[in-house]
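Chemist: Just protein-v3.pdb, nothing more (PDB, C-alpha atoms, pLDDT in the B column):
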ATOM      1  CA  MET A   1      10.550 -33.405 -15.557  1.00 44.00           C
ATOM      2  CA  VAL A   2       8.524 -36.330 -16.837  1.00 43.00           C
ATOM      3  CA  LEU A   3       9.856 -38.779 -14.245  1.00 41.00           C
ATOM      4  CA  ALA A   4       9.275 -36.391 -11.383  1.00 44.00           C
ATOM      5  CA  SER A   5       5.685 -35.853 -12.553  1.00 45.00           C
ATOM      6  CA  LEU A   6       5.160 -39.617 -12.676  1.00 39.00           C
ATOM      7  CA  LEU A   7       6.396 -40.064  -9.117  1.00 38.00           C
ATOM      8  CA  TYR A   8       4.134 -37.271  -7.925  1.00 38.00           C
ATOM      9  CA  ALA A   9       1.150 -38.881  -9.621  1.00 40.00           C
ATOM     10  CA  LEU A  10       1.909 -42.233  -7.987  1.00 35.00           C
ATOM     11  CA  VAL A  11       2.140 -40.656  -4.551  1.00 35.00           C
ATOM     12  CA  ALA A  12      -1.074 -38.693  -5.087  1.00 42.00           C
ATOM     13  CA  ALA A  13      -2.826 -41.904  -6.096  1.00 42.00           C
ATOM     14  CA  GLY A  14      -1.763 -43.589  -2.890  1.00 41.00           C
ATOM     15  CA  ALA A  15       0.828 -45.872  -4.406  1.00 41.00           C
ATOM     16  CA  ASN A  16       2.972 -47.690  -1.860  1.00 47.00           C
ATOM     17  CA  ILE A  17       6.487 -46.403  -2.573  1.00 39.00           C
ATOM     18  CA  PRO A  18       9.137 -47.427  -0.007  1.00 47.00           C
ATOM     19  CA  ALA A  19      10.685 -44.478   1.803  1.00 45.00           C
ATOM     20  CA  ASN A  20      14.175 -45.603   0.848  1.00 48.00           C
ATOM     21  CA  ALA A  21      13.358 -46.221  -2.827  1.00 51.00           C
ATOM     22  CA  ALA A  22      15.912 -44.668  -5.136  1.00 60.00           C
ATOM     23  CA  ALA A  23      14.623 -42.030  -7.513  1.00 65.00           C
ATOM     24  CA  PRO A  24      14.618 -43.152 -11.154  1.00 78.00           C
ATOM     25  CA  ARG A  25      17.722 -42.061 -13.034  1.00 90.00           C
ATOM     26  CA  LEU A  26      17.261 -39.490 -15.755  1.00 96.00           C
ATOM     27  CA  SER A  27      18.007 -40.671 -19.271  1.00 97.00           C
ATOM     28  CA  LEU A  28      20.256 -39.236 -21.966  1.00 98.00           C
ATOM     29  CA  PHE A  29      19.943 -40.045 -25.657  1.00 98.00           C
ATOM     30  CA  VAL A  30      22.754 -39.063 -28.027  1.00 98.00           C
ATOM     31  CA  LEU A  31      22.132 -39.019 -31.767  1.00 98.00           C
ATOM     32  CA  GLY A  32      25.233 -38.467 -33.861  1.00 97.00           C
ATOM     33  CA  ASP A  33      28.071 -39.644 -36.054  1.00 96.00           C
ATOM     34  CA  SER A  34      31.449 -41.269 -35.359  1.00 96.00           C
ATOM     35  CA  ILE A  35      32.544 -38.287 -33.259  1.00 97.00           C
ATOM     36  CA  ALA A  36      29.898 -39.452 -30.785  1.00 98.00           C
ATOM     37  CA  GLY A  37      30.190 -43.179 -31.440  1.00 96.00           C
ATOM     38  CA  GLY A  38      33.953 -43.473 -31.271  1.00 97.00           C
ATOM     39  CA  SER A  39      36.423 -44.806 -33.802  1.00 96.00           C
ATOM     40  CA  ALA A  40      39.639 -46.765 -34.084  1.00 96.00           C
ATOM     41  CA  GLN A  41      41.347 -43.673 -32.668  1.00 97.00           C
ATOM     42  CA  GLY A  42      39.377 -43.817 -29.420  1.00 97.00           C
ATOM     43  CA  GLY A  43      36.077 -43.117 -27.723  1.00 97.00           C
ATOM     44  CA  LYS A  44      34.499 -46.545 -27.936  1.00 96.00           C
ATOM     45  CA  GLY A  45      32.053 -47.676 -25.258  1.00 96.00           C
ATOM     46  CA  PRO A  46      32.839 -46.305 -21.779  1.00 97.00           C
ATOM     47  CA  HIS A  47      35.630 -44.122 -23.191  1.00 98.00           C
ATOM     48  CA  GLY A  48      33.283 -42.081 -25.394  1.00 98.00           C
ATOM     49  CA  TRP A  49      32.110 -38.653 -24.358  1.00 98.00           C
ATOM     50  CA  PRO A  50      28.421 -39.718 -24.305  1.00 98.00           C
ATOM     51  CA  SER A  51      29.211 -42.450 -21.744  1.00 98.00           C
ATOM     52  CA  LEU A  52      31.423 -40.117 -19.741  1.00 98.00           C
ATOM     53  CA  VAL A  53      28.803 -37.358 -19.630  1.00 98.00           C
ATOM     54  CA  ALA A  54      26.034 -39.773 -18.636  1.00 98.00           C
ATOM     55  CA  ARG A  55      28.157 -41.399 -15.941  1.00 97.00           C
ATOM     56  CA  GLN A  56      29.342 -38.106 -14.507  1.00 97.00           C
ATOM     57  CA  LEU A  57      25.766 -36.834 -14.288  1.00 97.00           C
ATOM     58  CA  GLY A  58      24.332 -40.105 -12.955  1.00 97.00           C
ATOM     59  CA  MET A  59      22.181 -40.664 -16.042  1.00 97.00           C
ATOM     60  CA  THR A  60      21.415 -43.699 -18.154  1.00 97.00           C
ATOM     61  CA  LEU A  61      22.529 -43.581 -21.798  1.00 98.00           C
ATOM     62  CA  ARG A  62      21.112 -44.599 -25.149  1.00 98.00           C
ATOM     63  CA  LEU A  63      23.543 -43.995 -27.996  1.00 98.00           C
ATOM     64  CA  ASP A  64      22.691 -43.950 -31.692  1.00 96.00           C
ATOM     65  CA  ALA A  65      25.909 -42.818 -33.341  1.00 96.00           C
ATOM     66  CA  ARG A  66      26.794 -44.030 -36.835  1.00 94.00           C
ATOM     67  CA  GLY A  67      29.950 -43.213 -38.752  1.00 94.00           C
ATOM     68  CA  GLY A  68      29.537 -41.284 -41.974  1.00 95.00           C
ATOM     69  CA  THR A  69      26.039 -40.063 -41.164  1.00 96.00           C
ATOM     70  CA  GLY A  70      24.531 -36.625 -40.706  1.00 97.00           C
ATOM     71  CA  TYR A  71      21.341 -34.684 -41.235  1.00 97.00           C
ATOM     72  CA  THR A  72      21.568 -35.323 -44.973  1.00 96.00           C
ATOM     73  CA  THR A  73      23.848 -38.347 -45.264  1.00 94.00           C
ATOM     74  CA  GLY A  74      23.807 -42.055 -44.493  1.00 92.00           C
ATOM     75  CA  GLY A  75      26.925 -44.082 -43.787  1.00 75.00           C
ATOM     76  CA  PRO A  76      28.156 -47.584 -44.605  1.00 77.00           C
ATOM     77  CA  GLN A  77      27.550 -48.960 -41.109  1.00 73.00           C
ATOM     78  CA  LYS A  78      24.509 -51.036 -40.270  1.00 76.00           C
ATOM     79  CA  GLY A  79      21.768 -48.595 -39.342  1.00 72.00           C
ATOM     80  CA  GLY A  80      23.732 -45.793 -40.981  1.00 82.00           C
ATOM     81  CA  ARG A  81      20.783 -43.706 -42.075  1.00 93.00           C
ATOM     82  CA  PRO A  82      20.449 -39.898 -42.052  1.00 96.00           C
ATOM     83  CA  TYR A  83      19.290 -38.377 -38.773  1.00 96.00           C
ATOM     84  CA  ALA A  84      15.761 -37.758 -40.046  1.00 94.00           C
ATOM     85  CA  GLN A  85      15.269 -41.503 -40.464  1.00 95.00           C
ATOM     86  CA  ARG A  86      16.448 -42.148 -36.891  1.00 96.00           C
ATOM     87  CA  VAL A  87      14.286 -39.582 -35.129  1.00 96.00           C
ATOM     88  CA  LYS A  88      11.478 -42.061 -34.432  1.00 96.00           C
ATOM     89  CA  GLN A  89      13.654 -44.411 -32.397  1.00 95.00           C
ATOM     90  CA  THR A  90      14.919 -41.430 -30.426  1.00 97.00           C
ATOM     91  CA  ILE A  91      11.358 -40.431 -29.618  1.00 98.00           C
ATOM     92  CA  ASP A  92      10.389 -44.024 -28.803  1.00 97.00           C
ATOM     93  CA  ALA A  93      13.134 -44.146 -26.147  1.00 97.00           C
ATOM     94  CA  LYS A  94      11.381 -41.288 -24.281  1.00 97.00           C
ATOM     95  CA  PRO A  95      14.608 -39.733 -22.952  1.00 98.00           C
ATOM     96  CA  ASP A  96      14.741 -36.797 -20.572  1.00 97.00           C
ATOM     97  CA  VAL A  97      17.597 -35.184 -22.502  1.00 98.00           C
ATOM     98  CA  VAL A  98      18.563 -35.494 -26.160  1.00 98.00           C
ATOM     99  CA  VAL A  99      21.909 -34.374 -27.561  1.00 98.00           C
ATOM    100  CA  VAL A 100      22.097 -34.187 -31.349  1.00 98.00           C
ATOM    101  CA  GLU A 101      25.709 -33.925 -32.552  1.00 98.00           C
ATOM    102  CA  GLY A 102      27.086 -33.173 -36.010  1.00 93.00           C
ATOM    103  CA  SER A 103      27.707 -33.484 -38.623  1.00 94.00           C
ATOM    104  CA  ARG A 104      30.955 -32.992 -40.430  1.00 95.00           C
ATOM    105  CA  ASN A 105      29.626 -35.555 -42.933  1.00 96.00           C
ATOM    106  CA  ASP A 106      26.987 -33.154 -44.264  1.00 96.00           C
ATOM    107  CA  ALA A 107      27.557 -31.202 -47.469  1.00 91.00           C
ATOM    108  CA  GLY A 108      25.553 -28.304 -48.807  1.00 95.00           C
ATOM    109  CA  PRO A 109      24.454 -25.721 -46.214  1.00 97.00           C
ATOM    110  CA  THR A 110      21.010 -25.091 -47.705  1.00 98.00           C
ATOM    111  CA  LYS A 111      20.129 -28.774 -47.773  1.00 97.00           C
ATOM    112  CA  THR A 112      21.655 -29.299 -44.319  1.00 98.00           C
ATOM    113  CA  ARG A 113      19.689 -26.431 -42.784  1.00 98.00           C
ATOM    114  CA  ALA A 114      16.393 -27.746 -44.189  1.00 98.00           C
ATOM    115  CA  ALA A 115      17.124 -31.302 -43.026  1.00 98.00           C
ATOM    116  CA  ALA A 116      18.189 -30.098 -39.593  1.00 98.00           C
ATOM    117  CA  VAL A 117      15.022 -28.021 -39.169  1.00 98.00           C
ATOM    118  CA  ASP A 118      12.927 -31.026 -40.155  1.00 97.00           C
ATOM    119  CA  SER A 119      14.733 -33.455 -37.812  1.00 98.00           C
ATOM    120  CA  LEU A 120      14.828 -31.102 -34.835  1.00 98.00           C
ATOM    121  CA  ARG A 121      11.217 -30.014 -35.281  1.00 98.00           C
ATOM    122  CA  ARG A 122      10.080 -33.638 -35.278  1.00 97.00           C
ATOM    123  CA  LEU A 123      12.129 -34.313 -32.155  1.00 98.00           C
ATOM    124  CA  ARG A 124      10.498 -31.389 -30.371  1.00 97.00           C
ATOM    125  CA  ALA A 125       7.012 -32.469 -31.435  1.00 98.00           C
ATOM    126  CA  GLY A 126       7.601 -36.060 -30.330  1.00 98.00           C
ATOM    127  CA  LEU A 127       9.353 -35.157 -27.076  1.00 98.00           C
ATOM    128  CA  PRO A 128       7.673 -31.959 -25.882  1.00 97.00           C
ATOM    129  CA  ARG A 129       9.034 -32.260 -22.331  1.00 96.00           C
ATOM    130  CA  ALA A 130      12.549 -33.390 -23.141  1.00 97.00           C
ATOM    131  CA  ARG A 131      15.518 -31.027 -23.044  1.00 97.00           C
ATOM    132  CA  ILE A 132      17.277 -30.932 -26.415  1.00 98.00           C
ATOM    133  CA  LEU A 133      20.839 -29.733 -26.975  1.00 98.00           C
ATOM    134  CA  VAL A 134      22.204 -29.316 -30.493  1.00 98.00           C
ATOM    135  CA  ILE A 135      25.964 -29.565 -31.057  1.00 98.00           C
ATOM    136  CA  GLY A 136      27.318 -28.555 -34.433  1.00 97.00           C
ATOM    137  CA  PRO A 137      29.828 -30.433 -36.568  1.00 97.00           C
ATOM    138  CA  ILE A 138      33.095 -31.122 -34.770  1.00 96.00           C
ATOM    139  CA  TYR A 139      36.050 -30.462 -37.015  1.00 94.00           C
ATOM    140  CA  SER A 140      39.733 -30.919 -36.225  1.00 91.00           C
ATOM    141  CA  HIS A 141      41.534 -27.980 -37.811  1.00 91.00           C
ATOM    142  CA  PRO A 142      44.828 -27.187 -36.038  1.00 91.00           C
ATOM    143  CA  ARG A 143      44.147 -23.458 -36.400  1.00 92.00           C
ATOM    144  CA  PRO A 144      40.884 -21.577 -35.801  1.00 88.00           C
ATOM    145  CA  ILE A 145      38.713 -21.320 -38.906  1.00 90.00           C
ATOM    146  CA  GLY A 146      36.243 -18.797 -37.484  1.00 88.00           C
ATOM    147  CA  SER A 147      33.177 -20.192 -39.214  1.00 93.00           C
ATOM    148  CA  HIS A 148      32.045 -23.036 -41.441  1.00 96.00           C
ATOM    149  CA  PRO A 149      28.975 -23.182 -43.735  1.00 97.00           C
ATOM    150  CA  ILE A 150      27.663 -26.435 -42.237  1.00 97.00           C
ATOM    151  CA  ASP A 151      28.083 -25.147 -38.692  1.00 97.00           C
ATOM    152  CA  GLU A 152      26.217 -21.970 -39.643  1.00 97.00           C
ATOM    153  CA  ALA A 153      23.461 -24.039 -41.255  1.00 98.00           C
ATOM    154  CA  VAL A 154      22.874 -26.216 -38.196  1.00 98.00           C
ATOM    155  CA  SER A 155      23.135 -23.166 -35.933  1.00 98.00           C
ATOM    156  CA  ALA A 156      20.419 -21.417 -37.962  1.00 98.00           C
ATOM    157  CA  ALA A 157      18.161 -24.475 -37.696  1.00 98.00           C
ATOM    158  CA  ALA A 158      18.570 -24.630 -33.908  1.00 98.00           C
ATOM    159  CA  LYS A 159      17.965 -20.887 -33.602  1.00 98.00           C
ATOM    160  CA  LYS A 160      14.798 -21.131 -35.693  1.00 98.00           C
ATOM    161  CA  LEU A 161      13.443 -23.684 -33.214  1.00 97.00           C
ATOM    162  CA  SER A 162      14.782 -21.852 -30.119  1.00 97.00           C
ATOM    163  CA  MET A 163      17.037 -24.768 -29.168  1.00 97.00           C
ATOM    164  CA  PRO A 164      20.367 -24.292 -27.364  1.00 97.00           C
ATOM    165  CA  TYR A 165      23.336 -24.673 -29.686  1.00 98.00           C
ATOM    166  CA  LEU A 166      27.013 -25.405 -29.125  1.00 97.00           C
ATOM    167  CA  SER A 167      29.380 -24.472 -31.924  1.00 97.00           C
ATOM    168  CA  ALA A 168      32.612 -26.422 -31.758  1.00 95.00           C
ATOM    169  CA  VAL A 169      33.843 -24.286 -34.664  1.00 95.00           C
ATOM    170  CA  ARG A 170      33.333 -20.936 -32.929  1.00 95.00           C
ATOM    171  CA  ARG A 171      34.749 -22.287 -29.689  1.00 95.00           C
ATOM    172  CA  GLY A 172      37.754 -23.808 -31.438  1.00 93.00           C
ATOM    173  CA  TRP A 173      37.469 -27.060 -29.523  1.00 95.00           C
ATOM    174  CA  PHE A 174      40.298 -28.901 -31.270  1.00 95.00           C
ATOM    175  CA  THR A 175      42.480 -26.002 -32.364  1.00 94.00           C
ATOM    176  CA  GLY A 176      45.840 -24.975 -30.969  1.00 94.00           C
ATOM    177  CA  SER A 177      47.135 -27.150 -28.144  1.00 95.00           C
ATOM    178  CA  ALA A 178      43.852 -29.086 -28.071  1.00 95.00           C
ATOM    179  CA  HIS A 179      44.690 -30.559 -31.482  1.00 95.00           C
ATOM    180  CA  GLN A 180      46.826 -33.070 -29.576  1.00 96.00           C
ATOM    181  CA  PHE A 181      43.553 -34.840 -28.723  1.00 97.00           C
ATOM    182  CA  ILE A 182      42.945 -35.806 -32.364  1.00 97.00           C
ATOM    183  CA  GLY A 183      44.152 -39.234 -33.480  1.00 97.00           C
ATOM    184  CA  SER A 184      46.549 -40.128 -36.245  1.00 96.00           C
ATOM    185  CA  ASP A 185      43.787 -40.048 -38.883  1.00 95.00           C
ATOM    186  CA  GLY A 186      43.528 -36.297 -38.368  1.00 95.00           C
ATOM    187  CA  VAL A 187      39.763 -36.504 -37.832  1.00 96.00           C
ATOM    188  CA  HIS A 188      38.677 -38.471 -34.775  1.00 97.00           C
ATOM    189  CA  PRO A 189      39.385 -37.781 -31.092  1.00 97.00           C
ATOM    190  CA  THR A 190      41.453 -40.151 -28.983  1.00 98.00           C
ATOM    191  CA  ASN A 191      40.252 -41.401 -25.600  1.00 98.00           C
ATOM    192  CA  ALA A 192      41.810 -38.259 -24.121  1.00 98.00           C
ATOM    193  CA  GLY A 193      39.970 -36.263 -26.760  1.00 97.00           C
ATOM    194  CA  HIS A 194      36.650 -37.782 -25.720  1.00 98.00           C
ATOM    195  CA  ALA A 195      37.401 -36.932 -22.092  1.00 98.00           C
ATOM    196  CA  TYR A 196      38.155 -33.391 -23.267  1.00 97.00           C
ATOM    197  CA  LEU A 197      34.813 -33.257 -25.111  1.00 98.00           C
ATOM    198  CA  ALA A 198      32.977 -34.546 -22.045  1.00 98.00           C
ATOM    199  CA  GLN A 199      34.416 -31.670 -20.010  1.00 97.00           C
ATOM    200  CA  ARG A 200      32.889 -29.218 -22.473  1.00 97.00           C
ATOM    201  CA  ILE A 201      29.551 -30.897 -23.033  1.00 98.00           C
ATOM    202  CA  ARG A 202      28.719 -32.010 -19.488  1.00 97.00           C
ATOM    203  CA  PRO A 203      28.165 -28.475 -18.091  1.00 97.00           C
ATOM    204  CA  GLU A 204      25.757 -27.700 -20.924  1.00 96.00           C
ATOM    205  CA  VAL A 205      23.707 -30.844 -20.249  1.00 97.00           C
ATOM    206  CA  SER A 206      23.754 -30.102 -16.527  1.00 96.00           C
ATOM    207  CA  ARG A 207      22.524 -26.565 -17.210  1.00 94.00           C
ATOM    208  CA  LEU A 208      19.590 -27.958 -19.170  1.00 93.00           C
ATOM    209  CA  LEU A 209      18.684 -30.307 -16.326  1.00 92.00           C
ATOM    210  CA  HIS A 210      18.538 -27.442 -13.862  1.00 87.00           C
ATOM    211  CA  LYS A 211      16.502 -25.027 -15.955  1.00 77.00           C
TER     212      LYS A 211
END
Go ahead and render the structure in this file as structure tokens.
Modeler:
Amino acid sequence: MVLASLLYALVAAGANIPANAAAPRLSLFVLGDSIAGGSAQGGKGPHGWPSLVARQLGMTLRLDARGGTGYTTGGPQKGGRPYAQRVKQTIDAKPDVVVVEGSRNDAGPTKTRAAAVDSLRRLRAGLPRARILVIGPIYSHPRPIGSHPIDEAVSAAAKKLSMPYLSAVRRGWFTGSAHQFIGSDGVHPTNAGHAYLAQRIRPEVSRLLHK
């Protein structure tokens, strides 16, 4: 890891590091839409799955999640630009792990795949040592839908770049009994829904850290 390499270099150079100094905490950056940023239904601040995952893994968190956005779309919120226009600030943060989530706001699989390849490729080029996890759009259908064109598009982009991919569609994250974790708007998870998401995402982030 980058931080571990830095510590090693300091020791090799004879830097005076106290024996009881705490190791720097690894950093997590989440780039996404309102499913990552929370909504009126739940998941704001410490109740959101990004905060829960970071806290449970002892990591620091930077969150850039804007409602209505995606690989191809910008939303009405301040800073609500498509992912491609937010890649630079992700790179500038120099995180150890990046999770890119979404997006159910994208339309048009061909355009989404091209935009996802572009965004993810730039992330990899700018953060060659970071671990990157791609999570597809998170829908809230009560019954399994099997597949979705946007999910398949983002999956193909991640596969092209050899990045790990989580498909909420294929795994049916909010189908069946788990649909109880979706708020009254029928779209966004409640606080319990964000805790449920954290349980599914945390092991994947942990696996990346231990590769």
Chemist: Starting from the PyMOL selection byres ((chain A and resi 82) around 6), expand the selection into actual residues of this file and give them as a list of chain:residue names.
Modeler: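 Those residues are A:Thr69, A:Gly70, A:Tyr71, A:Thr72, A:Thr73, A:Gly74, A:Arg81, A:Tyr83, A:Ala84, A:Gln85.
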Chemist: Which is closest to Gln56 in chain A among A:Asn191, A:Asn105, A:Gln199, A:Ser155, if we use all atoms listed in the file?
Modeler: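 Comparing A:Asn191, A:Asn105, A:Gln199, A:Ser155 against Gln56 in chain A, the winner is A:Gln199.
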Chemist: Pick from A:Arg207, A:Arg202, A:Arg129, A:Arg25: nearest to Met59 in chain A, with only C-alpha atoms counted?
Modeler: A:Arg25
Chemist: List the residues matched by the PyMOL selection byres ((chain A and resi 167-169) around 12) in the displayed structure as a PyMOL selection string, ordered by chain and then by residue number.
Modeler: chain A and resi 35+101-104+133-156+158+164-166+170-175+197+200-201
Chemist: Work out how far apart CA of Ala36 in chain A and CA of Val98 in chain A are and give it in Å to one decimal.
Modeler: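 Separating CA of Ala36 in chain A from CA of Val98 in chain A is a distance of 12.9 Å.
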Chemist: Care to translate the PyMOL selection byres ((chain A and resi 27) around 8) into actual residues of this file, as a PDB file with C-alpha atoms, in the coordinates of the input?
Modeler:
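Writing the result to selection.pdb gives the following:
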ATOM      1  CA  ARG A  25      17.722 -42.061 -13.034  1.00 90.00           C
ATOM      2  CA  LEU A  26      17.261 -39.490 -15.755  1.00 96.00           C
ATOM      3  CA  LEU A  28      20.256 -39.236 -21.966  1.00 98.00           C
ATOM      4  CA  PHE A  29      19.943 -40.045 -25.657  1.00 98.00           C
ATOM      5  CA  MET A  59      22.181 -40.664 -16.042  1.00 97.00           C
ATOM      6  CA  THR A  60      21.415 -43.699 -18.154  1.00 97.00           C
ATOM      7  CA  LEU A  61      22.529 -43.581 -21.798  1.00 98.00           C
ATOM      8  CA  ARG A  62      21.112 -44.599 -25.149  1.00 98.00           C
ATOM      9  CA  PRO A  95      14.608 -39.733 -22.952  1.00 98.00           C
ATOM     10  CA  ASP A  96      14.741 -36.797 -20.572  1.00 97.00           C
ATOM     11  CA  VAL A  97      17.597 -35.184 -22.502  1.00 98.00           C
TER      12      VAL A  97
END
Chemist: For Asp118 in chain A, which residue out of A:Lys160, A:His47, A:Lys94, A:His210 is the nearest one, using all atoms listed in the file?
Modeler: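 Answer, going by the shortest atom-to-atom distance: A:Lys160.
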Chemist: Would you list the contacts of Pro189 in chain A as a list in words, taking every protein, DNA or RNA residue within 9 Å and counting all atoms listed in the file, but skipping same-chain residues closer than 6 positions in sequence?
Modeler: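 Using all atoms listed in the file, the neighbours found are Ile35, Gly38, Ser39, Gln41, Gly42, Gly43, Ser140, Phe174, His179, Gln180, Phe181, Ile182, Gly183 and Leu197 of chain A.
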Chemist: Nearest residue to Pro109 in chain A out of A:Leu31, A:Ala157, A:Ala130, A:Ala93, using all atoms listed in the file?
Modeler: A:Ala157
Chemist: One number please: CA of Val205 in chain A to CA of Thr110 in chain A, in Å, one decimal.
Modeler: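 Between CA of Val205 in chain A and CA of Thr110 in chain A the gap is 28.2 Å.
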Chemist: Select, from A:Arg55, A:Gly176, A:Arg124, A:His188, the residue with the minimum atom-to-atom distance to Asp33 in chain A, counting all atoms listed in the file.
Modeler: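 Nearest candidate to Asp33 in chain A out of A:Arg55, A:Gly176, A:Arg124, A:His188: A:His188.
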Chemist: Distance CA of Gln89 in chain A-CA of Gly45 in chain A, one decimal place?
Modeler: 20.0 Å
Chemist: Considering only C-alpha atoms, can you say which of A:Thr190, A:Ala65, A:Gly58, A:Ser177 comes closest to Gly37 in chain A?
Modeler: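 Checking each candidate against Gly37 in chain A, we get A:Ala65 as the closest.
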Chemist: Pick out the residues sitting within 12 Å of Asp92 in chain A, and hand them over as a PDB file with C-alpha atoms, keeping the file's coordinate frame; count only C-alpha atoms, and ignore anything fewer than 5 positions along from it in its own chain.
Modeler:
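Contents of result-v5.pdb, freshly written:
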ATOM      1  CA  PHE A  29      19.943 -40.045 -25.657  1.00 98.00           C
ATOM      2  CA  ARG A  62      21.112 -44.599 -25.149  1.00 98.00           C
ATOM      3  CA  ARG A  86      16.448 -42.148 -36.891  1.00 96.00           C
ATOM      4  CA  VAL A  87      14.286 -39.582 -35.129  1.00 96.00           C
ATOM      5  CA  LEU A 123      12.129 -34.313 -32.155  1.00 98.00           C
ATOM      6  CA  GLY A 126       7.601 -36.060 -30.330  1.00 98.00           C
ATOM      7  CA  LEU A 127       9.353 -35.157 -27.076  1.00 98.00           C
TER       8      LEU A 127
END
